[in-house]
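Structure record follows, encoded as structure tokens.
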Amino acid sequence: MSRIGKIARRTFLFGTVAIAGGVAFGYWKYRQPYDNPLLDDLAEGDAVLTPYVKIDKDGVTIITPRAEMGQGVHTTLAALVAEELEVDLADVRVEHGPASYAYFNGAMLEEGVPYPSTDVGWMAETMRGLTHVPAKFLGMQGTGGSSSIPDGYEKMRIAGAAARDALMEAASHKSGTPVADLQVKNGVITGSDGVAMTYIDLAPEAAKIEPPADPKLKDPDSWTILRKSVDRVDMVPKVTGTAEFGIDVRLPDMLHATVRMNPRLGGTMERFDASAAGRMPGVEKIVDLGNGIAVIATNTWYAMQAARAVDIKWGKPPYPMTTAEHWKAVEDSFVEERLESTNRDDGDVDAALTGDGVIDLEYRAPYLAHATMEPMNAVAWLRDGKLDVWAGNQAPTFARDFAADVSGLDQEAVAIHTPYMGGGFGRRGELDFVKLAVRVAMAAEGRPVKTTWSREEDTCHDVYRPLAIGRIRARVDGSNLTALDLKLAAPGATDSVMGRAGKSIPGADATIVQAAWDQPYAIANYRVAGYKVPELLPLGFWRSVGASQNAFFHESAMDEIAIATGKDPVEMRLGLMTHEPSRKVLEKAAEMAGWNGGQVGEGRGRGVAFSLSFGVPVAEIVEIAATEHGFKITDAWIAADVGIALDPRNIEAQLMSGLNFGLSAAILSEITITDGEVDQRNFHDYDALRMYQAPRLEIAVLENMGHIKGIGEPGTPPAAPALANAIFAATGKRLREMPFGKFVDFA
């Protein structure tokens with residue numbers, strides 16, 4: 001892999017060829033780098049070597065510009081830098097860093113290319129590389145799509161290696177010893193004369209040196225941090241309660257606020273009367289937001305009580321008023337004029353789906369909310385022509401841009417501070433809570449204001465996982481599956497998100513058929529078509545996005561087909577698989593579980609499901625057992641392949657999290673609509689699995705793929721179909737609609 005250009009201290013222009021085929025960081029206009037944001041507010045005595053490494057009198061700080069929401073990304077990204085920089089991870093500080101286009105996520109749009117992830121040929125890789133161009137021009141400093149590690153894998157190592165080489169050169173200048181004769185370990189460089197020089201001492205001189213154009217990266221065989229399980233850098237502050245989340249931010253003379261908006265999303269506010277609320281204790285001001293109100297008070301409780309006391313008449317929404325009407329809109333979209341994509345169309349499906357042996361199936365997935373443990377909140381402080389915003393968010397540059405637009409300030413006058421966040425799952429990539437907080441701050445006359453949404457406001461003003469229907473026809477010829485036709489209908493989540501941001505993407509919305517059209521099964525006649533439903537509720541990216549429903553449709557159908565052909569569900573899948581890493585993942589899960597066809601005795605059952613999403617093959621097997629209170633999920637086995645397991649324990653934690661997140665949704669979660677309003681309000685009617693309901697787990701992380709992938713989302717999609725298939729194995733009852741808790745009881 002060739003390298004071009006050079007890495008300048010101020011700009012840190014990566015000259016790395018991004019992909020096989022020649023799309024390079026820094027080519028065309030795109031090669032002009034963004035300035036290093038760490039140089040803007042450099043304190044006296046601080047030395048900045050790259051946008052990811054700064055050194056002061058207290059030691060090394062590594063900038064990890066992706067949102068930490070419990071997935072461990074700060075630890076793994078910091079480890080990539082620390083490995084090359086030759087410092088102990090326990091000895092460095094880790095910061096999210098500022099909002100800056102310099103930290104754009106080049107891998108964030110790769111999932112949308114019209115090539116299956118198993119295709120790593122020249123054209124497919126070229127197209128993936130080309131997506132980095134709009135990602136840069138849009139300034140997409142974002143966390144999502146399981147893209148942080150693929151984006152940062154080489155970028156962060158280069159940052160560490162470039163800083164290391166600059167420090168080595170500074171040590172050579174100081175000691176008169178050739179670089180080749182210097183030794184470095186744990187932030188200390190030693191010359192042949194035995195004299196030790198610390199990074200802290202060398203940093204001022206190193207900051208004057210242009211980092212090398214082609215820093216040599218360590219051979220993986222010599223890694224001392226990577227590929228090992230390490231303690232998370234945020235573990236101690238989180239365990240001791242000292243970690244600062246957005247909702248923990250406290251500033252001097254700070255006011256508190258909450259919002260109350262039209263529960264008919266997108267509807268108007270026809271009138272309001274705040275006279276009684278304005279006289280309540282602690283109330284400072286009531287702000288007209290156009291489609292709702294904000295109450296500013298001396299504490300959050302006062303603000304929330306007053307907000308409830310405001311008399312408001314709401315207008316109607318721009319969508320149908322009932323859940324049944326929303327389902328009708330999906331049903332009516334299975335027509336030619338709503339057909340948006342046919343990414344896969346092998347053989348002659350229509351001809352093959354004739355005669356005997358045709359199976360017709362339909363599956364449904366409801367709207368889902370994100371329901372983060374920490375409700376939406378942000379602190380905004382507008383004074384002296386400057387705006388500071390503290391908000392747990394997944395898109396700092398977009399947050400800065402939106403805050404500037406709302407406040408009327410230049411981008412340079414807006415600072416976004418990104419603390420830890422108590423859950424994101426895609427919700428904190430939507431920045432409505434930031435924009436509202438800025439509007440509240442504009443009414444606060446120079447005082448900082450924390451705007452905290454009530455749990456009820458958060459749940460019924462989410463951007464939801466779309467409801468969807470999968471209609472599947474298959475033809476079985478004896479013991480063989482000869483045709484499979486998937487018709488998938490859903491509103492487009494990407495179109496909804498980008499539309500609210502005032503942007504658009506060309507072509508079909510890839511989320512509608514995500515993780516359905518690109519599954520590594522060889523079937524002679526195989527078609528996957530996506531039908532775009534007109535937008536109903538506002539939609540967002542929910543953990544694993546379109547894969548969350550499409551894996552349920554696809555893998556439930558595969559199980560039904562296996563039963564119809566008389567084949568073992570694992571063996572049938574293995575017989576169709578064309579991707580060796582996927583095959584090994586499924587074989588490993590079956591081996592761990594001691595798979596025997598899903599039968600484990602009366603009142604018990606096992607189900608299997610496989611999904612390739614975000615480039616990661618994952619197989620899951622779930623076992624359930626009947627109890628007097630309903631079914632209990634007793635055990636689960638997971639196997640996944642991320643290519644390179646940088647931190648095995650963290651990957652296991654993400655797979656555990658993904659499975660339980662998927663099981664929660666499959667059993668309990670559903671957003672419904674009555675009179676234009678979302679019915680669910682809090683955890684009493686939008687619940688999640690409790691600890692005692694979670695299964696025992698055995699997890700295997702494989703490394704058979706030739707490229708590295710992220711793991712935040714791929715563990716979620718197989719959970720629902722694995723559970724549905726286990727229920728069938730135990731009861732003979734086939735569940736084709738979520739949540740399953742409407743049809744069977746769970747302990």
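Chain lettering (A, B, ...) mirrors the order of the structure tokens, residue numbering begins at 1 for each chain separately, and ligand numbering begins at 1 in order of display.
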Residue set, segment 576-658 of chain A restricted to strand (DSSP E or B), as an MDAnalysis selection string
chainID A and resid 577 604:613 616:627 630:641
Identify, on the basis of only C-alpha atoms, every residue whose closest approach to segment 373-383 of chain A does not exceed 9 Å; exclude the query and any residue fewer than 3 positions from it along the same chain; express the result as number ranges by chain.
A: 245-247, 249-251, 254, 256, 258, 386-392, 407, 421-424, 427-428, 433-434, 436-442, 444-455, 457-459
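Straight-line separation from atom CA of Gly566 of chain A to atom CA of Ala626 of chain A: 25.4 Å.
Using only C-alpha atoms for every distance, the candidate list A:Leu689, A:Ala653, A:Leu646, A:Ile512 yields A:Leu646 as the residue closest to Leu702 of chain A.
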Could you pull out the helix (DSSP H, G or I) residues of segment 375-582 of chain A from DSSP and send them as number ranges by chain?
A: 396-407, 411-413, 427-429, 432-442, 455-460, 493-500, 510-512, 547-565, 569-576, 580-582
Could those selected residues go to a file with C-alpha atoms, as a CSV table (one decimal), in the first residue's frame?
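Listing of selection_24.csv after writing:
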```csv
chain,number,residue,atom,x,y,z
A,396,PRO,CA,-20.1,17.3,17.2
A,397,THR,CA,-19.5,19.2,14.0
A,398,PHE,CA,-23.2,19.0,13.1
A,399,ALA,CA,-24.0,20.1,16.7
A,400,ARG,CA,-21.7,23.1,16.3
A,401,ASP,CA,-23.1,24.0,12.9
A,402,PHE,CA,-26.7,23.8,14.1
A,403,ALA,CA,-25.9,25.8,17.2
A,404,ALA,CA,-24.3,28.5,15.1
A,405,ASP,CA,-27.4,28.6,12.8
A,406,VAL,CA,-29.8,28.9,15.7
A,407,SER,CA,-27.8,31.5,17.6
A,411,GLN,CA,-18.9,28.7,13.8
A,412,GLU,CA,-15.7,30.0,15.3
A,413,ALA,CA,-17.7,31.5,18.1
A,427,ARG,CA,-30.5,9.0,19.2
A,428,ARG,CA,-27.7,11.4,20.1
A,429,GLY,CA,-26.8,11.8,16.5
A,432,ASP,CA,-32.9,18.6,18.3
A,433,PHE,CA,-32.1,18.7,22.0
A,434,VAL,CA,-29.0,20.8,21.2
A,435,LYS,CA,-30.9,23.3,19.1
A,436,LEU,CA,-33.6,23.7,21.7
A,437,ALA,CA,-31.1,24.2,24.4
A,438,VAL,CA,-29.5,27.0,22.4
A,439,ARG,CA,-32.9,28.7,21.9
A,440,VAL,CA,-33.4,28.5,25.7
A,441,ALA,CA,-30.0,30.0,26.3
A,442,MET,CA,-30.8,32.9,24.0
A,455,ARG,CA,-38.5,10.9,30.5
A,456,GLU,CA,-42.0,11.3,29.0
A,457,GLU,CA,-41.0,14.1,26.7
A,458,ASP,CA,-38.0,12.0,25.6
A,459,THR,CA,-40.0,8.8,24.8
A,460,CYS,CA,-42.7,10.5,22.8
A,493,ALA,CA,-34.5,6.2,8.0
A,494,THR,CA,-31.6,7.9,6.1
A,495,ASP,CA,-33.9,10.1,4.1
A,496,SER,CA,-35.6,11.2,7.3
A,497,VAL,CA,-32.4,12.0,9.1
A,498,MET,CA,-30.7,13.8,6.3
A,499,GLY,CA,-33.9,15.7,5.5
A,500,ARG,CA,-34.0,17.2,8.9
A,510,ALA,CA,-30.0,1.6,1.8
A,511,THR,CA,-31.5,1.1,5.2
A,512,ILE,CA,-34.7,-0.4,3.8
A,547,ALA,CA,-30.5,-4.9,10.0
A,548,SER,CA,-32.6,-4.8,13.2
A,549,GLN,CA,-35.8,-5.8,11.4
A,550,ASN,CA,-34.4,-7.4,8.2
A,551,ALA,CA,-32.5,-10.1,10.1
A,552,PHE,CA,-35.7,-11.0,11.9
A,553,PHE,CA,-37.5,-11.3,8.5
A,554,HIS,CA,-34.7,-13.2,6.7
A,555,GLU,CA,-33.6,-15.6,9.4
A,556,SER,CA,-37.1,-16.4,10.6
A,557,ALA,CA,-37.9,-17.3,7.0
A,558,MET,CA,-34.7,-19.4,6.7
A,559,ASP,CA,-35.8,-21.3,9.8
A,560,GLU,CA,-39.3,-22.0,8.4
A,561,ILE,CA,-37.7,-23.1,5.1
A,562,ALA,CA,-35.4,-25.5,6.9
A,563,ILE,CA,-38.4,-27.1,8.6
A,564,ALA,CA,-40.2,-27.3,5.3
A,565,THR,CA,-37.2,-29.1,3.7
A,569,PRO,CA,-31.5,-25.2,10.5
A,570,VAL,CA,-27.7,-25.0,11.0
A,571,GLU,CA,-26.9,-27.5,8.3
A,572,MET,CA,-29.2,-25.9,5.8
A,573,ARG,CA,-27.5,-22.5,6.3
A,574,LEU,CA,-24.0,-24.0,6.1
A,575,GLY,CA,-25.0,-25.8,2.8
A,576,LEU,CA,-25.9,-22.4,1.3
A,580,GLU,CA,-15.8,-18.8,4.6
A,581,PRO,CA,-15.6,-16.5,7.6
A,582,SER,CA,-19.4,-16.6,7.9
```
Need the shell around segment 307-315 of chain A: protein/DNA/RNA residues with any atom at most 12 Å away, counting only C-alpha atoms. Skip same-chain ones fewer than 6 positions apart. Format as a short mmCIF file (atom, residue, chain, number, x, y, z; two decimals) with all heavy atoms, in the first residue's frame?
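Output below, filename part_38.cif:
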```
data_model
loop_
_atom_site.label_atom_id
_atom_site.label_comp_id
_atom_site.auth_asym_id
_atom_site.auth_seq_id
_atom_site.Cartn_x
_atom_site.Cartn_y
_atom_site.Cartn_z
N ALA A 257 -33.91 24.25 32.88
CA ALA A 257 -35.09 24.37 32.01
C ALA A 257 -35.56 23.00 31.57
O ALA A 257 -34.84 22.00 31.68
CB ALA A 257 -34.76 25.23 30.79
N THR A 258 -36.78 22.98 31.09
CA THR A 258 -37.30 21.80 30.41
C THR A 258 -38.17 22.26 29.27
O THR A 258 -38.51 23.45 29.16
CB THR A 258 -38.09 20.90 31.37
OG1 THR A 258 -38.25 19.60 30.77
CG2 THR A 258 -39.46 21.47 31.70
N VAL A 259 -38.50 21.33 28.39
CA VAL A 259 -39.32 21.66 27.22
C VAL A 259 -40.59 20.82 27.22
O VAL A 259 -40.64 19.72 27.80
CB VAL A 259 -38.55 21.43 25.91
CG1 VAL A 259 -37.38 22.39 25.78
CG2 VAL A 259 -38.07 19.98 25.79
N ARG A 260 -41.61 21.36 26.57
CA ARG A 260 -42.85 20.62 26.34
C ARG A 260 -43.29 20.96 24.93
O ARG A 260 -43.57 22.12 24.62
CB ARG A 260 -43.92 21.02 27.36
CG ARG A 260 -45.19 20.20 27.25
CD ARG A 260 -46.17 20.55 28.35
NE ARG A 260 -47.51 20.11 28.01
CZ ARG A 260 -48.62 20.70 28.43
NH1 ARG A 260 -48.54 21.78 29.23
NH2 ARG A 260 -49.81 20.25 28.09
N MET A 261 -43.29 19.95 24.08
CA MET A 261 -43.55 20.17 22.66
C MET A 261 -44.78 19.37 22.22
O MET A 261 -45.25 18.50 22.94
CB MET A 261 -42.33 19.76 21.84
CG MET A 261 -41.09 20.59 22.14
SD MET A 261 -39.57 19.86 21.47
CE MET A 261 -39.39 18.41 22.53
N ASN A 262 -45.25 19.69 21.04
CA ASN A 262 -46.45 19.03 20.52
C ASN A 262 -46.24 17.52 20.49
O ASN A 262 -45.34 17.03 19.80
CB ASN A 262 -46.76 19.54 19.11
CG ASN A 262 -48.15 19.12 18.65
OD1 ASN A 262 -48.71 18.15 19.13
ND2 ASN A 262 -48.70 19.86 17.70
N PRO A 263 -47.05 16.76 21.22
CA PRO A 263 -46.90 15.30 21.19
C PRO A 263 -47.31 14.70 19.86
O PRO A 263 -47.04 13.52 19.61
CB PRO A 263 -47.81 14.84 22.33
CG PRO A 263 -48.83 15.92 22.47
CD PRO A 263 -48.12 17.20 22.14
N ARG A 264 -47.98 15.48 19.03
CA ARG A 264 -48.24 15.07 17.65
C ARG A 264 -47.08 15.61 16.82
O ARG A 264 -47.08 16.76 16.39
CB ARG A 264 -49.59 15.62 17.17
CG ARG A 264 -50.76 15.06 17.97
CD ARG A 264 -52.02 15.85 17.73
NE ARG A 264 -53.15 15.26 18.42
CZ ARG A 264 -54.31 15.88 18.60
NH1 ARG A 264 -54.48 17.13 18.15
NH2 ARG A 264 -55.30 15.28 19.22
N LEU A 265 -46.11 14.78 16.61
CA LEU A 265 -44.80 15.21 16.14
C LEU A 265 -44.90 15.93 14.80
O LEU A 265 -45.47 15.41 13.83
CB LEU A 265 -43.88 14.00 16.02
CG LEU A 265 -43.76 13.14 17.29
CD1 LEU A 265 -42.83 11.98 17.07
CD2 LEU A 265 -43.31 13.98 18.45
N GLY A 266 -44.33 17.12 14.76
CA GLY A 266 -44.40 17.93 13.55
C GLY A 266 -45.61 18.81 13.48
O GLY A 266 -45.74 19.62 12.56
N GLY A 267 -46.52 18.68 14.45
CA GLY A 267 -47.71 19.51 14.49
C GLY A 267 -47.43 20.89 15.08
O GLY A 267 -46.37 21.13 15.67
N THR A 268 -48.35 21.77 14.94
CA THR A 268 -48.18 23.15 15.40
C THR A 268 -48.71 23.31 16.82
O THR A 268 -49.39 22.44 17.37
CB THR A 268 -48.93 24.12 14.49
OG1 THR A 268 -50.33 23.78 14.51
CG2 THR A 268 -48.41 24.04 13.06
N MET A 269 -48.39 24.44 17.42
CA MET A 269 -48.99 24.85 18.68
C MET A 269 -49.94 26.00 18.36
O MET A 269 -49.51 27.07 17.93
CB MET A 269 -47.91 25.30 19.68
CG MET A 269 -48.47 25.75 21.03
SD MET A 269 -47.17 26.07 22.25
CE MET A 269 -46.31 27.47 21.49
N GLU A 270 -51.23 25.78 18.53
CA GLU A 270 -52.21 26.78 18.14
C GLU A 270 -52.30 27.93 19.15
O GLU A 270 -52.49 29.09 18.77
CB GLU A 270 -53.57 26.11 17.94
CG GLU A 270 -53.55 25.10 16.79
CD GLU A 270 -54.90 24.45 16.55
OE1 GLU A 270 -55.87 24.80 17.27
OE2 GLU A 270 -55.00 23.59 15.65
N ARG A 271 -52.16 27.62 20.42
CA ARG A 271 -52.17 28.67 21.44
C ARG A 271 -51.66 28.08 22.74
O ARG A 271 -51.62 26.86 22.92
CB ARG A 271 -53.58 29.23 21.66
CG ARG A 271 -54.58 28.21 22.15
CD ARG A 271 -55.84 28.82 22.72
NE ARG A 271 -56.78 27.81 23.14
CZ ARG A 271 -56.71 27.13 24.29
NH1 ARG A 271 -55.69 27.36 25.12
NH2 ARG A 271 -57.61 26.21 24.61
N PHE A 272 -51.24 28.94 23.67
CA PHE A 272 -50.92 28.48 25.01
C PHE A 272 -51.17 29.59 26.02
O PHE A 272 -51.11 30.79 25.68
CB PHE A 272 -49.48 27.96 25.11
CG PHE A 272 -48.42 29.04 25.11
CD1 PHE A 272 -47.89 29.51 26.31
CD2 PHE A 272 -47.93 29.56 23.93
CE1 PHE A 272 -46.91 30.48 26.32
CE2 PHE A 272 -46.94 30.54 23.92
CZ PHE A 272 -46.42 31.00 25.13
N ASP A 273 -51.47 29.18 27.24
CA ASP A 273 -51.70 30.11 28.34
C ASP A 273 -50.78 29.70 29.49
O ASP A 273 -50.96 28.66 30.12
CB ASP A 273 -53.17 30.05 28.78
CG ASP A 273 -53.48 31.02 29.93
OD1 ASP A 273 -52.54 31.68 30.42
OD2 ASP A 273 -54.66 31.09 30.33
N ALA A 274 -49.77 30.53 29.75
CA ALA A 274 -48.79 30.22 30.78
C ALA A 274 -48.95 31.08 32.02
O ALA A 274 -48.05 31.15 32.85
CB ALA A 274 -47.39 30.39 30.20
N SER A 275 -50.11 31.74 32.16
CA SER A 275 -50.27 32.68 33.27
C SER A 275 -50.15 31.99 34.62
O SER A 275 -49.48 32.50 35.54
CB SER A 275 -51.61 33.41 33.15
OG SER A 275 -52.68 32.48 33.07
N ALA A 276 -50.79 30.83 34.78
CA ALA A 276 -50.71 30.12 36.06
C ALA A 276 -49.31 29.57 36.29
O ALA A 276 -48.76 29.66 37.40
CB ALA A 276 -51.74 28.99 36.10
N ALA A 277 -48.71 29.01 35.26
CA ALA A 277 -47.37 28.44 35.39
C ALA A 277 -46.35 29.51 35.75
O ALA A 277 -45.41 29.27 36.51
CB ALA A 277 -46.97 27.75 34.09
N GLY A 278 -46.51 30.69 35.20
CA GLY A 278 -45.56 31.76 35.45
C GLY A 278 -45.52 32.22 36.89
O GLY A 278 -44.53 32.84 37.31
N ARG A 279 -46.57 31.92 37.65
CA ARG A 279 -46.61 32.33 39.06
C ARG A 279 -46.11 31.23 40.00
O ARG A 279 -46.06 31.43 41.21
CB ARG A 279 -48.05 32.71 39.44
CG ARG A 279 -48.57 33.94 38.69
CD ARG A 279 -49.89 34.40 39.30
NE ARG A 279 -50.95 33.42 39.14
CZ ARG A 279 -51.79 33.37 38.10
NH1 ARG A 279 -51.66 34.25 37.11
NH2 ARG A 279 -52.74 32.45 38.04
N MET A 280 -45.71 30.09 39.44
CA MET A 280 -45.30 28.97 40.28
C MET A 280 -43.89 29.20 40.83
O MET A 280 -43.10 29.97 40.28
CB MET A 280 -45.37 27.66 39.47
CG MET A 280 -46.80 27.27 39.11
SD MET A 280 -46.92 25.78 38.10
CE MET A 280 -46.40 24.52 39.28
N VAL A 283 -40.00 29.79 38.98
CA VAL A 283 -40.07 30.02 37.54
C VAL A 283 -39.47 31.38 37.20
O VAL A 283 -39.84 32.40 37.77
CB VAL A 283 -41.53 29.92 37.03
CG1 VAL A 283 -41.61 30.33 35.56
CG2 VAL A 283 -42.05 28.50 37.22
N LYS A 285 -38.75 32.24 33.58
CA LYS A 285 -39.24 32.68 32.28
C LYS A 285 -39.88 31.51 31.55
O LYS A 285 -39.47 30.35 31.73
CB LYS A 285 -38.09 33.24 31.44
CG LYS A 285 -38.50 33.84 30.10
CD LYS A 285 -37.32 34.46 29.37
CE LYS A 285 -36.87 35.74 30.06
NZ LYS A 285 -35.85 36.48 29.25
N ILE A 286 -40.88 31.82 30.72
CA ILE A 286 -41.48 30.82 29.85
C ILE A 286 -41.26 31.27 28.41
O ILE A 286 -41.57 32.40 28.04
CB ILE A 286 -42.98 30.63 30.16
CG1 ILE A 286 -43.10 30.07 31.59
CG2 ILE A 286 -43.63 29.69 29.16
CD1 ILE A 286 -44.51 29.95 32.09
N VAL A 287 -40.69 30.36 27.59
CA VAL A 287 -40.23 30.70 26.26
C VAL A 287 -41.12 30.03 25.22
O VAL A 287 -41.39 28.82 25.30
CB VAL A 287 -38.77 30.25 26.05
CG1 VAL A 287 -38.26 30.68 24.67
CG2 VAL A 287 -37.88 30.80 27.15
N ASP A 288 -41.58 30.80 24.25
CA ASP A 288 -42.36 30.28 23.13
C ASP A 288 -41.40 29.68 22.10
O ASP A 288 -40.57 30.39 21.52
CB ASP A 288 -43.17 31.42 22.51
CG ASP A 288 -44.09 30.94 21.38
OD1 ASP A 288 -43.97 29.78 20.96
OD2 ASP A 288 -44.91 31.76 20.91
N GLY A 290 -42.47 28.00 19.37
CA GLY A 290 -43.16 27.84 18.10
C GLY A 290 -44.08 26.63 18.10
O GLY A 290 -45.30 26.77 17.94
N ASN A 291 -43.50 25.43 18.26
CA ASN A 291 -44.33 24.22 18.35
C ASN A 291 -44.29 23.64 19.76
O ASN A 291 -44.52 22.46 19.98
CB ASN A 291 -43.89 23.17 17.34
CG ASN A 291 -42.53 22.59 17.65
OD1 ASN A 291 -41.71 23.24 18.30
ND2 ASN A 291 -42.28 21.39 17.17
N GLY A 292 -44.00 24.51 20.73
CA GLY A 292 -43.96 24.10 22.13
C GLY A 292 -43.43 25.22 22.99
O GLY A 292 -43.25 26.35 22.52
N ILE A 293 -43.18 24.90 24.25
CA ILE A 293 -42.70 25.91 25.19
C ILE A 293 -41.53 25.35 25.99
O ILE A 293 -41.35 24.14 26.10
CB ILE A 293 -43.82 26.38 26.15
CG1 ILE A 293 -44.44 25.18 26.92
CG2 ILE A 293 -44.89 27.13 25.38
CD1 ILE A 293 -43.88 24.94 28.28
N ALA A 294 -40.74 26.26 26.53
CA ALA A 294 -39.70 25.90 27.50
C ALA A 294 -39.94 26.71 28.76
O ALA A 294 -40.35 27.87 28.70
CB ALA A 294 -38.32 26.19 26.94
N VAL A 295 -39.70 26.10 29.89
CA VAL A 295 -39.78 26.80 31.16
C VAL A 295 -38.38 26.87 31.76
O VAL A 295 -37.71 25.84 31.90
CB VAL A 295 -40.73 26.08 32.14
CG1 VAL A 295 -40.72 26.78 33.50
CG2 VAL A 295 -42.15 26.04 31.58
N ILE A 296 -37.94 28.08 32.07
CA ILE A 296 -36.66 28.29 32.73
C ILE A 296 -36.95 28.56 34.21
O ILE A 296 -37.78 29.42 34.55
CB ILE A 296 -35.90 29.48 32.12
CG1 ILE A 296 -35.69 29.26 30.62
CG2 ILE A 296 -34.55 29.68 32.81
CD1 ILE A 296 -35.06 30.45 29.91
N ALA A 297 -36.25 27.83 35.09
CA ALA A 297 -36.50 27.96 36.52
C ALA A 297 -35.20 27.80 37.29
O ALA A 297 -34.13 27.59 36.70
CB ALA A 297 -37.53 26.92 36.97
N THR A 300 -34.59 21.98 38.11
CA THR A 300 -35.30 21.18 37.10
C THR A 300 -36.69 20.79 37.56
O THR A 300 -37.64 20.77 36.77
CB THR A 300 -34.47 19.93 36.77
OG1 THR A 300 -33.18 20.32 36.31
CG2 THR A 300 -35.14 19.10 35.68
N TRP A 301 -36.85 20.49 38.84
CA TRP A 301 -38.18 20.10 39.35
C TRP A 301 -39.18 21.23 39.16
O TRP A 301 -40.29 21.01 38.67
CB TRP A 301 -38.06 19.70 40.81
CG TRP A 301 -39.38 19.39 41.45
CD1 TRP A 301 -40.08 20.17 42.32
CD2 TRP A 301 -40.18 18.22 41.25
NE1 TRP A 301 -41.26 19.57 42.69
CE2 TRP A 301 -41.35 18.36 42.05
CE3 TRP A 301 -40.03 17.06 40.50
CZ2 TRP A 301 -42.33 17.40 42.10
CZ3 TRP A 301 -41.02 16.10 40.55
CH2 TRP A 301 -42.15 16.27 41.34
N THR A 452 -33.21 20.01 30.40
CA THR A 452 -33.36 18.57 30.60
C THR A 452 -34.76 18.15 30.21
O THR A 452 -35.75 18.69 30.70
CB THR A 452 -33.12 18.20 32.08
OG1 THR A 452 -31.84 18.69 32.49
CG2 THR A 452 -33.18 16.69 32.28
N TRP A 453 -34.84 17.18 29.31
CA TRP A 453 -36.15 16.66 28.92
C TRP A 453 -36.65 15.69 29.99
O TRP A 453 -35.88 14.92 30.56
CB TRP A 453 -36.05 15.91 27.61
CG TRP A 453 -35.70 16.75 26.42
CD1 TRP A 453 -35.00 17.93 26.41
CD2 TRP A 453 -36.00 16.46 25.06
NE1 TRP A 453 -34.85 18.39 25.13
CE2 TRP A 453 -35.46 17.51 24.28
CE3 TRP A 453 -36.67 15.43 24.42
CZ2 TRP A 453 -35.57 17.54 22.89
CZ3 TRP A 453 -36.77 15.44 23.04
CH2 TRP A 453 -36.24 16.50 22.28
N SER A 454 -37.94 15.71 30.24
CA SER A 454 -38.52 14.67 31.09
C SER A 454 -38.45 13.34 30.34
O SER A 454 -38.33 13.30 29.11
CB SER A 454 -39.98 15.00 31.43
OG SER A 454 -40.78 14.91 30.26
N GLU A 456 -40.83 11.36 29.89
CA GLU A 456 -42.03 11.28 29.05
C GLU A 456 -41.83 12.05 27.75
O GLU A 456 -42.20 11.59 26.66
CB GLU A 456 -43.24 11.82 29.81
CG GLU A 456 -43.70 10.94 30.97
CD GLU A 456 -42.81 11.06 32.21
OE1 GLU A 456 -41.96 11.97 32.26
OE2 GLU A 456 -42.96 10.22 33.12
N GLU A 457 -41.25 13.24 27.85
CA GLU A 457 -41.01 14.05 26.66
C GLU A 457 -40.01 13.35 25.73
O GLU A 457 -40.15 13.36 24.51
CB GLU A 457 -40.46 15.43 27.07
CG GLU A 457 -40.56 16.49 26.00
CD GLU A 457 -41.98 16.99 25.78
OE1 GLU A 457 -42.85 16.74 26.64
OE2 GLU A 457 -42.22 17.63 24.74
N ASP A 675 -54.67 8.85 18.42
CA ASP A 675 -55.02 10.26 18.25
C ASP A 675 -53.79 11.10 17.87
O ASP A 675 -53.63 12.23 18.31
CB ASP A 675 -55.67 10.81 19.52
CG ASP A 675 -56.36 12.16 19.29
OD1 ASP A 675 -56.80 12.42 18.14
OD2 ASP A 675 -56.44 12.97 20.23
N GLY A 676 -52.91 10.50 17.09
CA GLY A 676 -51.74 11.22 16.61
C GLY A 676 -50.58 11.29 17.58
O GLY A 676 -49.54 11.86 17.25
N GLU A 677 -50.75 10.75 18.80
CA GLU A 677 -49.70 10.83 19.82
C GLU A 677 -49.11 9.45 20.09
O GLU A 677 -49.81 8.44 20.06
CB GLU A 677 -50.26 11.39 21.12
CG GLU A 677 -50.83 12.79 21.02
CD GLU A 677 -51.29 13.32 22.37
OE1 GLU A 677 -50.86 12.76 23.40
OE2 GLU A 677 -52.07 14.29 22.39
#
```
Rows by chain and residue number, segment 411-511 of chain A within 12 Å of segment 719-737 of chain A, shortest pair, only C-alpha atoms, as JSON lines:
```
{"residue": "A:Leu467", "atom": "CA", "partner": "A:Glu737", "partner_atom": "CA", "distance": 11.0}
{"residue": "A:Ala468", "atom": "CA", "partner": "A:Glu737", "partner_atom": "CA", "distance": 10.2}
{"residue": "A:Ile469", "atom": "CA", "partner": "A:Glu737", "partner_atom": "CA", "distance": 9.2}
{"residue": "A:Gly470", "atom": "CA", "partner": "A:Arg736", "partner_atom": "CA", "distance": 9.7}
{"residue": "A:Arg471", "atom": "CA", "partner": "A:Arg736", "partner_atom": "CA", "distance": 10.8}
{"residue": "A:Ile472", "atom": "CA", "partner": "A:Arg736", "partner_atom": "CA", "distance": 11.6}
```
Listing only residues of segment 624-734 of chain A within 7 Å of segment 585-600 of chain A, what is the closest atom pair and its distance in Å (to one decimal) for each, using only C-alpha atoms, sorted by chain and residue number ascending, as JSON lines?
```
{"residue": "A:Trp637", "atom": "CA", "partner": "A:Ala589", "partner_atom": "CA", "distance": 5.9}
{"residue": "A:Ile638", "atom": "CA", "partner": "A:Ala589", "partner_atom": "CA", "distance": 5.8}
{"residue": "A:Ala639", "atom": "CA", "partner": "A:Ala589", "partner_atom": "CA", "distance": 5.3}
{"residue": "A:Ala640", "atom": "CA", "partner": "A:Val585", "partner_atom": "CA", "distance": 5.8}
{"residue": "A:Asp641", "atom": "CA", "partner": "A:Val585", "partner_atom": "CA", "distance": 6.8}
{"residue": "A:Ala729", "atom": "CA", "partner": "A:Gly598", "partner_atom": "CA", "distance": 6.2}
```
